[in-house]
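*Asks:* I'd like to ask some things about the structure below.
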Amino acid sequence: QVQLVESGGGLVQAGGSLRLSCAASGNIFNIVDMGWYRQAPGKQRELVATIITGGSTAYADSVKGRFTISRDNAKNTVYLQMNSLKPEDTAVYYCTLYSFGFRSWGQGTQVTVSS
């Protein structure tokens with residue numbers, strides 16, 4: 001079983017920055033990828049960014065150039081640096097990890113961007 005604990009969400013003004021962290025513990029062998037999804041009220045959960053073991057990254061078009069995903073393998077932690085935040089970035093952000101054919105999810109952290 002995998003446990004994912006997110007932190008770093010909060011309220012920020014448009015144009016500001018936040019850094020999300022997600023620490024993984026438990027049965028975390030053979031990780032294929034770690035990443036972040038988000039879900040705004042009334043909308044489907046969507047991929048924000050992902051980082052594959054080996055270092056390759058992918059981003060949603062809406063966050064390219066503003067968000068950066070990184071991973072500290074020694075700490076089993078993935079980060080999401082979010083700059084130039086916009087009100088449309090407001091959502092619950094979920095950390096995710098894929099290993100052994102199963103995707104695990106964190107409990108989510110709220111990010112609210114005021115205009």
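A note on labels: chains of the structure tokens are A, B, ... as shown, every chain counts residues from 1, and ligands are counted from 1 in their shown order.
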Select from stretch 30-71 of chain A everything DSSP, run on the backbone, classes as strand (DSSP E or B), then give the selection as a PDB file with all heavy atoms, in the first residue's frame.
*Replies:*
```pdb
ATOM      1  N   ILE A  31       8.503   2.541  -9.070  1.00  0.00           N
ATOM      2  CA  ILE A  31       7.649   3.657  -9.443  1.00  0.00           C
ATOM      3  C   ILE A  31       7.837   3.948 -10.921  1.00  0.00           C
ATOM      4  O   ILE A  31       8.964   4.097 -11.404  1.00  0.00           O
ATOM      5  CB  ILE A  31       7.988   4.902  -8.617  1.00  0.00           C
ATOM      6  CG1 ILE A  31       7.695   4.651  -7.131  1.00  0.00           C
ATOM      7  CG2 ILE A  31       7.193   6.103  -9.121  1.00  0.00           C
ATOM      8  CD1 ILE A  31       8.159   5.781  -6.243  1.00  0.00           C
ATOM      9  N   VAL A  32       6.741   4.031 -11.653  1.00  0.00           N
ATOM     10  CA  VAL A  32       6.798   4.362 -13.076  1.00  0.00           C
ATOM     11  C   VAL A  32       6.731   5.872 -13.258  1.00  0.00           C
ATOM     12  O   VAL A  32       7.506   6.453 -14.012  1.00  0.00           O
ATOM     13  CB  VAL A  32       5.660   3.678 -13.848  1.00  0.00           C
ATOM     14  CG1 VAL A  32       5.662   4.118 -15.308  1.00  0.00           C
ATOM     15  CG2 VAL A  32       5.792   2.159 -13.733  1.00  0.00           C
ATOM     16  N   ASP A  33       5.769   6.493 -12.594  1.00  0.00           N
ATOM     17  CA  ASP A  33       5.668   7.938 -12.690  1.00  0.00           C
ATOM     18  C   ASP A  33       5.034   8.505 -11.430  1.00  0.00           C
ATOM     19  O   ASP A  33       4.351   7.811 -10.690  1.00  0.00           O
ATOM     20  CB  ASP A  33       4.873   8.376 -13.932  1.00  0.00           C
ATOM     21  CG  ASP A  33       3.397   8.014 -13.861  1.00  0.00           C
ATOM     22  OD1 ASP A  33       2.659   8.642 -13.070  1.00  0.00           O
ATOM     23  OD2 ASP A  33       2.978   7.105 -14.604  1.00  0.00           O
ATOM     24  N   MET A  34       5.281   9.771 -11.211  1.00  0.00           N
ATOM     25  CA  MET A  34       4.605  10.546 -10.168  1.00  0.00           C
ATOM     26  C   MET A  34       4.135  11.840 -10.818  1.00  0.00           C
ATOM     27  O   MET A  34       4.734  12.314 -11.795  1.00  0.00           O
ATOM     28  CB  MET A  34       5.540  10.856  -9.001  1.00  0.00           C
ATOM     29  CG  MET A  34       5.995   9.638  -8.234  1.00  0.00           C
ATOM     30  SD  MET A  34       6.997  10.059  -6.789  1.00  0.00           S
ATOM     31  CE  MET A  34       5.745  10.699  -5.652  1.00  0.00           C
ATOM     32  N   GLY A  35       3.082  12.409 -10.274  1.00  0.00           N
ATOM     33  CA  GLY A  35       2.598  13.624 -10.899  1.00  0.00           C
ATOM     34  C   GLY A  35       1.503  14.304 -10.113  1.00  0.00           C
ATOM     35  O   GLY A  35       1.225  13.947  -8.953  1.00  0.00           O
ATOM     36  N   TRP A  36       0.913  15.278 -10.761  1.00  0.00           N
ATOM     37  CA  TRP A  36      -0.149  16.083 -10.163  1.00  0.00           C
ATOM     38  C   TRP A  36      -1.327  16.191 -11.117  1.00  0.00           C
ATOM     39  O   TRP A  36      -1.153  16.433 -12.314  1.00  0.00           O
ATOM     40  CB  TRP A  36       0.379  17.493  -9.854  1.00  0.00           C
ATOM     41  CG  TRP A  36       1.445  17.514  -8.812  1.00  0.00           C
ATOM     42  CD1 TRP A  36       2.797  17.421  -9.014  1.00  0.00           C
ATOM     43  CD2 TRP A  36       1.262  17.616  -7.404  1.00  0.00           C
ATOM     44  NE1 TRP A  36       3.457  17.460  -7.812  1.00  0.00           N
ATOM     45  CE2 TRP A  36       2.536  17.589  -6.810  1.00  0.00           C
ATOM     46  CE3 TRP A  36       0.135  17.755  -6.580  1.00  0.00           C
ATOM     47  CZ2 TRP A  36       2.720  17.678  -5.424  1.00  0.00           C
ATOM     48  CZ3 TRP A  36       0.321  17.844  -5.207  1.00  0.00           C
ATOM     49  CH2 TRP A  36       1.600  17.814  -4.648  1.00  0.00           C
ATOM     50  N   TYR A  37      -2.505  16.015 -10.572  1.00  0.00           N
ATOM     51  CA  TYR A  37      -3.752  16.295 -11.256  1.00  0.00           C
ATOM     52  C   TYR A  37      -4.465  17.395 -10.471  1.00  0.00           C
ATOM     53  O   TYR A  37      -4.113  17.677  -9.327  1.00  0.00           O
ATOM     54  CB  TYR A  37      -4.645  15.045 -11.291  1.00  0.00           C
ATOM     55  CG  TYR A  37      -4.276  14.022 -12.332  1.00  0.00           C
ATOM     56  CD1 TYR A  37      -3.080  13.305 -12.253  1.00  0.00           C
ATOM     57  CD2 TYR A  37      -5.127  13.747 -13.407  1.00  0.00           C
ATOM     58  CE1 TYR A  37      -2.744  12.351 -13.209  1.00  0.00           C
ATOM     59  CE2 TYR A  37      -4.800  12.784 -14.361  1.00  0.00           C
ATOM     60  CZ  TYR A  37      -3.621  12.106 -14.251  1.00  0.00           C
ATOM     61  OH  TYR A  37      -3.294  11.157 -15.206  1.00  0.00           O
ATOM     62  N   ARG A  38      -5.466  17.972 -11.076  1.00  0.00           N
ATOM     63  CA  ARG A  38      -6.281  18.948 -10.366  1.00  0.00           C
ATOM     64  C   ARG A  38      -7.739  18.808 -10.779  1.00  0.00           C
ATOM     65  O   ARG A  38      -8.036  18.352 -11.875  1.00  0.00           O
ATOM     66  CB  ARG A  38      -5.796  20.379 -10.604  1.00  0.00           C
ATOM     67  CG  ARG A  38      -5.985  20.891 -12.018  1.00  0.00           C
ATOM     68  CD  ARG A  38      -5.332  22.265 -12.165  1.00  0.00           C
ATOM     69  NE  ARG A  38      -5.491  22.800 -13.532  1.00  0.00           N
ATOM     70  CZ  ARG A  38      -4.903  23.914 -13.954  1.00  0.00           C
ATOM     71  NH1 ARG A  38      -4.130  24.623 -13.139  1.00  0.00           N
ATOM     72  NH2 ARG A  38      -5.117  24.335 -15.185  1.00  0.00           N
ATOM     73  N   GLN A  39      -8.614  19.239  -9.874  1.00  0.00           N
ATOM     74  CA  GLN A  39     -10.043  19.195 -10.150  1.00  0.00           C
ATOM     75  C   GLN A  39     -10.693  20.457  -9.615  1.00  0.00           C
ATOM     76  O   GLN A  39     -10.659  20.718  -8.402  1.00  0.00           O
ATOM     77  CB  GLN A  39     -10.693  17.955  -9.531  1.00  0.00           C
ATOM     78  CG  GLN A  39     -12.138  17.772  -9.939  1.00  0.00           C
ATOM     79  CD  GLN A  39     -12.667  16.396  -9.585  1.00  0.00           C
ATOM     80  OE1 GLN A  39     -12.113  15.685  -8.753  1.00  0.00           O
ATOM     81  NE2 GLN A  39     -13.742  15.978 -10.247  1.00  0.00           N
ATOM     82  N   GLU A  46      -8.080  16.672 -14.133  1.00  0.00           N
ATOM     83  CA  GLU A  46      -7.218  16.776 -15.298  1.00  0.00           C
ATOM     84  C   GLU A  46      -5.753  16.695 -14.901  1.00  0.00           C
ATOM     85  O   GLU A  46      -5.362  17.106 -13.802  1.00  0.00           O
ATOM     86  CB  GLU A  46      -7.466  18.097 -16.047  1.00  0.00           C
ATOM     87  CG  GLU A  46      -7.141  19.338 -15.244  1.00  0.00           C
ATOM     88  CD  GLU A  46      -7.289  20.618 -16.049  1.00  0.00           C
ATOM     89  OE1 GLU A  46      -7.662  20.565 -17.231  1.00  0.00           O
ATOM     90  OE2 GLU A  46      -7.019  21.688 -15.464  1.00  0.00           O
ATOM     91  N   LEU A  47      -4.953  16.183 -15.815  1.00  0.00           N
ATOM     92  CA  LEU A  47      -3.515  16.103 -15.589  1.00  0.00           C
ATOM     93  C   LEU A  47      -2.907  17.501 -15.623  1.00  0.00           C
ATOM     94  O   LEU A  47      -3.199  18.286 -16.523  1.00  0.00           O
ATOM     95  CB  LEU A  47      -2.862  15.229 -16.653  1.00  0.00           C
ATOM     96  CG  LEU A  47      -1.347  15.177 -16.635  1.00  0.00           C
ATOM     97  CD1 LEU A  47      -0.845  14.445 -15.397  1.00  0.00           C
ATOM     98  CD2 LEU A  47      -0.809  14.506 -17.905  1.00  0.00           C
ATOM     99  N   VAL A  48      -2.063  17.784 -14.644  1.00  0.00           N
ATOM    100  CA  VAL A  48      -1.316  19.041 -14.622  1.00  0.00           C
ATOM    101  C   VAL A  48       0.116  18.798 -15.092  1.00  0.00           C
ATOM    102  O   VAL A  48       0.601  19.460 -16.006  1.00  0.00           O
ATOM    103  CB  VAL A  48      -1.309  19.650 -13.211  1.00  0.00           C
ATOM    104  CG1 VAL A  48      -0.462  20.922 -13.186  1.00  0.00           C
ATOM    105  CG2 VAL A  48      -2.727  19.939 -12.737  1.00  0.00           C
ATOM    106  N   ALA A  49       0.791  17.859 -14.454  1.00  0.00           N
ATOM    107  CA  ALA A  49       2.187  17.580 -14.794  1.00  0.00           C
ATOM    108  C   ALA A  49       2.545  16.193 -14.297  1.00  0.00           C
ATOM    109  O   ALA A  49       2.001  15.714 -13.301  1.00  0.00           O
ATOM    110  CB  ALA A  49       3.118  18.615 -14.172  1.00  0.00           C
ATOM    111  N   THR A  50       3.477  15.558 -14.994  1.00  0.00           N
ATOM    112  CA  THR A  50       3.936  14.245 -14.589  1.00  0.00           C
ATOM    113  C   THR A  50       5.431  14.133 -14.841  1.00  0.00           C
ATOM    114  O   THR A  50       5.969  14.798 -15.727  1.00  0.00           O
ATOM    115  CB  THR A  50       3.181  13.141 -15.337  1.00  0.00           C
ATOM    116  OG1 THR A  50       3.560  11.864 -14.826  1.00  0.00           O
ATOM    117  CG2 THR A  50       3.493  13.167 -16.827  1.00  0.00           C
ATOM    118  N   ILE A  51       6.093  13.328 -14.026  1.00  0.00           N
ATOM    119  CA  ILE A  51       7.518  13.085 -14.188  1.00  0.00           C
ATOM    120  C   ILE A  51       7.735  11.585 -14.117  1.00  0.00           C
ATOM    121  O   ILE A  51       7.301  10.904 -13.187  1.00  0.00           O
ATOM    122  CB  ILE A  51       8.354  13.841 -13.140  1.00  0.00           C
ATOM    123  CG1 ILE A  51       9.850  13.628 -13.384  1.00  0.00           C
ATOM    124  CG2 ILE A  51       7.974  13.474 -11.715  1.00  0.00           C
ATOM    125  CD1 ILE A  51      10.739  14.624 -12.633  1.00  0.00           C
ATOM    126  N   ILE A  52       8.368  11.063 -15.158  1.00  0.00           N
ATOM    127  CA  ILE A  52       8.601   9.634 -15.283  1.00  0.00           C
ATOM    128  C   ILE A  52       9.949   9.295 -14.659  1.00  0.00           C
ATOM    129  O   ILE A  52      10.882  10.096 -14.744  1.00  0.00           O
ATOM    130  CB  ILE A  52       8.563   9.220 -16.766  1.00  0.00           C
ATOM    131  CG1 ILE A  52       7.196   9.550 -17.368  1.00  0.00           C
ATOM    132  CG2 ILE A  52       8.870   7.746 -16.931  1.00  0.00           C
ATOM    133  CD1 ILE A  52       7.150   9.407 -18.871  1.00  0.00           C
ATOM    134  N   THR A  57       9.497  14.722 -18.368  1.00  0.00           N
ATOM    135  CA  THR A  57       8.339  15.422 -17.819  1.00  0.00           C
ATOM    136  C   THR A  57       7.325  15.742 -18.914  1.00  0.00           C
ATOM    137  O   THR A  57       7.668  15.804 -20.097  1.00  0.00           O
ATOM    138  CB  THR A  57       8.745  16.731 -17.131  1.00  0.00           C
ATOM    139  OG1 THR A  57       9.406  17.575 -18.093  1.00  0.00           O
ATOM    140  CG2 THR A  57       9.690  16.474 -15.962  1.00  0.00           C
ATOM    141  N   ALA A  58       6.089  15.951 -18.486  1.00  0.00           N
ATOM    142  CA  ALA A  58       5.036  16.369 -19.402  1.00  0.00           C
ATOM    143  C   ALA A  58       4.101  17.294 -18.654  1.00  0.00           C
ATOM    144  O   ALA A  58       3.897  17.121 -17.442  1.00  0.00           O
ATOM    145  CB  ALA A  58       4.283  15.163 -19.948  1.00  0.00           C
ATOM    146  N   TYR A  59       3.549  18.276 -19.369  1.00  0.00           N
ATOM    147  CA  TYR A  59       2.702  19.284 -18.759  1.00  0.00           C
ATOM    148  C   TYR A  59       1.432  19.493 -19.576  1.00  0.00           C
ATOM    149  O   TYR A  59       1.433  19.345 -20.803  1.00  0.00           O
ATOM    150  CB  TYR A  59       3.435  20.629 -18.679  1.00  0.00           C
ATOM    151  CG  TYR A  59       4.658  20.629 -17.810  1.00  0.00           C
ATOM    152  CD1 TYR A  59       5.908  20.311 -18.330  1.00  0.00           C
ATOM    153  CD2 TYR A  59       4.567  20.942 -16.458  1.00  0.00           C
ATOM    154  CE1 TYR A  59       7.035  20.306 -17.528  1.00  0.00           C
ATOM    155  CE2 TYR A  59       5.690  20.951 -15.649  1.00  0.00           C
ATOM    156  CZ  TYR A  59       6.923  20.631 -16.193  1.00  0.00           C
ATOM    157  OH  TYR A  59       8.037  20.631 -15.388  1.00  0.00           O
ATOM    158  N   PHE A  67       4.496  26.286 -14.623  1.00  0.00           N
ATOM    159  CA  PHE A  67       4.653  25.264 -13.589  1.00  0.00           C
ATOM    160  C   PHE A  67       5.863  24.397 -13.907  1.00  0.00           C
ATOM    161  O   PHE A  67       6.159  24.134 -15.067  1.00  0.00           O
ATOM    162  CB  PHE A  67       3.428  24.357 -13.524  1.00  0.00           C
ATOM    163  CG  PHE A  67       2.165  25.005 -13.010  1.00  0.00           C
ATOM    164  CD1 PHE A  67       2.059  26.371 -12.827  1.00  0.00           C
ATOM    165  CD2 PHE A  67       1.069  24.220 -12.708  1.00  0.00           C
ATOM    166  CE1 PHE A  67       0.903  26.953 -12.361  1.00  0.00           C
ATOM    167  CE2 PHE A  67      -0.106  24.776 -12.233  1.00  0.00           C
ATOM    168  CZ  PHE A  67      -0.183  26.155 -12.069  1.00  0.00           C
ATOM    169  N   THR A  68       6.529  23.935 -12.853  1.00  0.00           N
ATOM    170  CA  THR A  68       7.656  23.028 -13.003  1.00  0.00           C
ATOM    171  C   THR A  68       7.521  21.875 -12.014  1.00  0.00           C
ATOM    172  O   THR A  68       7.372  22.107 -10.812  1.00  0.00           O
ATOM    173  CB  THR A  68       8.990  23.748 -12.752  1.00  0.00           C
ATOM    174  OG1 THR A  68       9.115  24.849 -13.652  1.00  0.00           O
ATOM    175  CG2 THR A  68      10.162  22.791 -12.974  1.00  0.00           C
ATOM    176  N   ILE A  69       7.590  20.662 -12.536  1.00  0.00           N
ATOM    177  CA  ILE A  69       7.546  19.475 -11.688  1.00  0.00           C
ATOM    178  C   ILE A  69       8.955  18.952 -11.490  1.00  0.00           C
ATOM    179  O   ILE A  69       9.780  18.989 -12.413  1.00  0.00           O
ATOM    180  CB  ILE A  69       6.623  18.387 -12.281  1.00  0.00           C
ATOM    181  CG1 ILE A  69       6.405  17.254 -11.282  1.00  0.00           C
ATOM    182  CG2 ILE A  69       7.165  17.864 -13.608  1.00  0.00           C
ATOM    183  CD1 ILE A  69       5.313  16.271 -11.711  1.00  0.00           C
ATOM    184  N   SER A  70       9.232  18.498 -10.277  1.00  0.00           N
ATOM    185  CA  SER A  70      10.543  17.914  -9.986  1.00  0.00           C
ATOM    186  C   SER A  70      10.366  16.813  -8.949  1.00  0.00           C
ATOM    187  O   SER A  70       9.317  16.701  -8.319  1.00  0.00           O
ATOM    188  CB  SER A  70      11.521  18.979  -9.480  1.00  0.00           C
ATOM    189  OG  SER A  70      11.042  19.566  -8.279  1.00  0.00           O
ATOM    190  N   ARG A  71      11.412  16.002  -8.813  1.00  0.00           N
ATOM    191  CA  ARG A  71      11.299  14.850  -7.923  1.00  0.00           C
ATOM    192  C   ARG A  71      12.625  14.628  -7.211  1.00  0.00           C
ATOM    193  O   ARG A  71      13.681  14.730  -7.830  1.00  0.00           O
ATOM    194  CB  ARG A  71      10.905  13.625  -8.745  1.00  0.00           C
ATOM    195  CG  ARG A  71      10.781  12.325  -7.979  1.00  0.00           C
ATOM    196  CD  ARG A  71      10.298  11.223  -8.921  1.00  0.00           C
ATOM    197  NE  ARG A  71      10.590   9.901  -8.406  1.00  0.00           N
ATOM    198  CZ  ARG A  71      10.390   8.776  -9.063  1.00  0.00           C
ATOM    199  NH1 ARG A  71       9.866   8.820 -10.284  1.00  0.00           N
ATOM    200  NH2 ARG A  71      10.675   7.609  -8.528  1.00  0.00           N
TER     201      ARG A  71
END
```
*Asks:* For a quick check of understanding, using only C-alpha atoms, which of A:Met82, A:Ala14, A:Leu4, A:Val92 has the smallest distance to A:Gln110?
*Replies:*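 Closest residue, counting only C-alpha atoms: A:Val92.
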*Asks:* Using only C-alpha atoms, which of A:Gly26, A:Phe102, A:Ser17, A:Thr112 sits nearest A:Val5?
*Replies:*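 Looking only at the distances to A:Val5, the closest residue turns out to be A:Gly26.
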*Asks:* What's the separation between atom CA of A:Val113 and atom CA of A:Glu6, in Å to one decimal place?
*Replies:* 18.1 Å
*Asks:* Contacts of A:Gly106 at 10 Å or less, counting only C-alpha atoms, minus same-chain residues fewer than 5 places along, as a list in words?
*Replies:*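 Contacts, in chain order: Val2, Gln3, Leu4, Val5, Glu6, Cys22, Ala23, Ala24, Trp36, Tyr93, Tyr94, Cys95, Thr96 and Leu97 of chain A.
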*Asks:* When you look at A:Gly16 with a cut-off of 7 Å (counting only C-alpha atoms), what residues show up, excluding the ones that are within fewer than 6 positions of it in the same chain? I need them as a PyMOL selection string.
*Replies:* chain A and resi 83-85
*Asks:* For the atom pair atom CA of A:Ile28 and atom CA of A:Gln107, what is the interatomic distance in Å to one decimal place?
*Replies:*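 Straight-line distance from atom CA of A:Ile28 to atom CA of A:Gln107 works out to 17.2 Å.
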*Asks:* Using only C-alpha atoms, which of the listed residues (A:Ser99, A:Ser25, A:Val78, A:Ala91) sits closest to A:Arg45?
*Replies:*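 Checking each of A:Ser99, A:Ser25, A:Val78, A:Ala91 against A:Arg45, counting only C-alpha atoms, the winner is A:Ala91.
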*Asks:* Would you mind telling me which residue in A:Gln13, A:Ala74, A:Leu20, A:Gly65 lies nearest to A:Thr109 when using only C-alpha atoms?
*Replies:*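 Comparing A:Gln13, A:Ala74, A:Leu20, A:Gly65 against A:Thr109, the winner is A:Leu20.
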*Asks:* Let me make sure I understand: among A:Gly9, A:Thr77, A:Gln1, A:Ser62, which one has the smallest atom-to-atom distance to A:Val111 if we use only C-alpha atoms?
*Replies:*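 Result for the nearest residue to A:Val111: A:Gly9.
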*Asks:* A:Arg66, A:Thr53, A:Asp89, A:Trp105: which is nearest A:Gly10, counting only C-alpha atoms?
*Replies:*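 Using only C-alpha atoms, A:Gly10 sits closest to A:Asp89.
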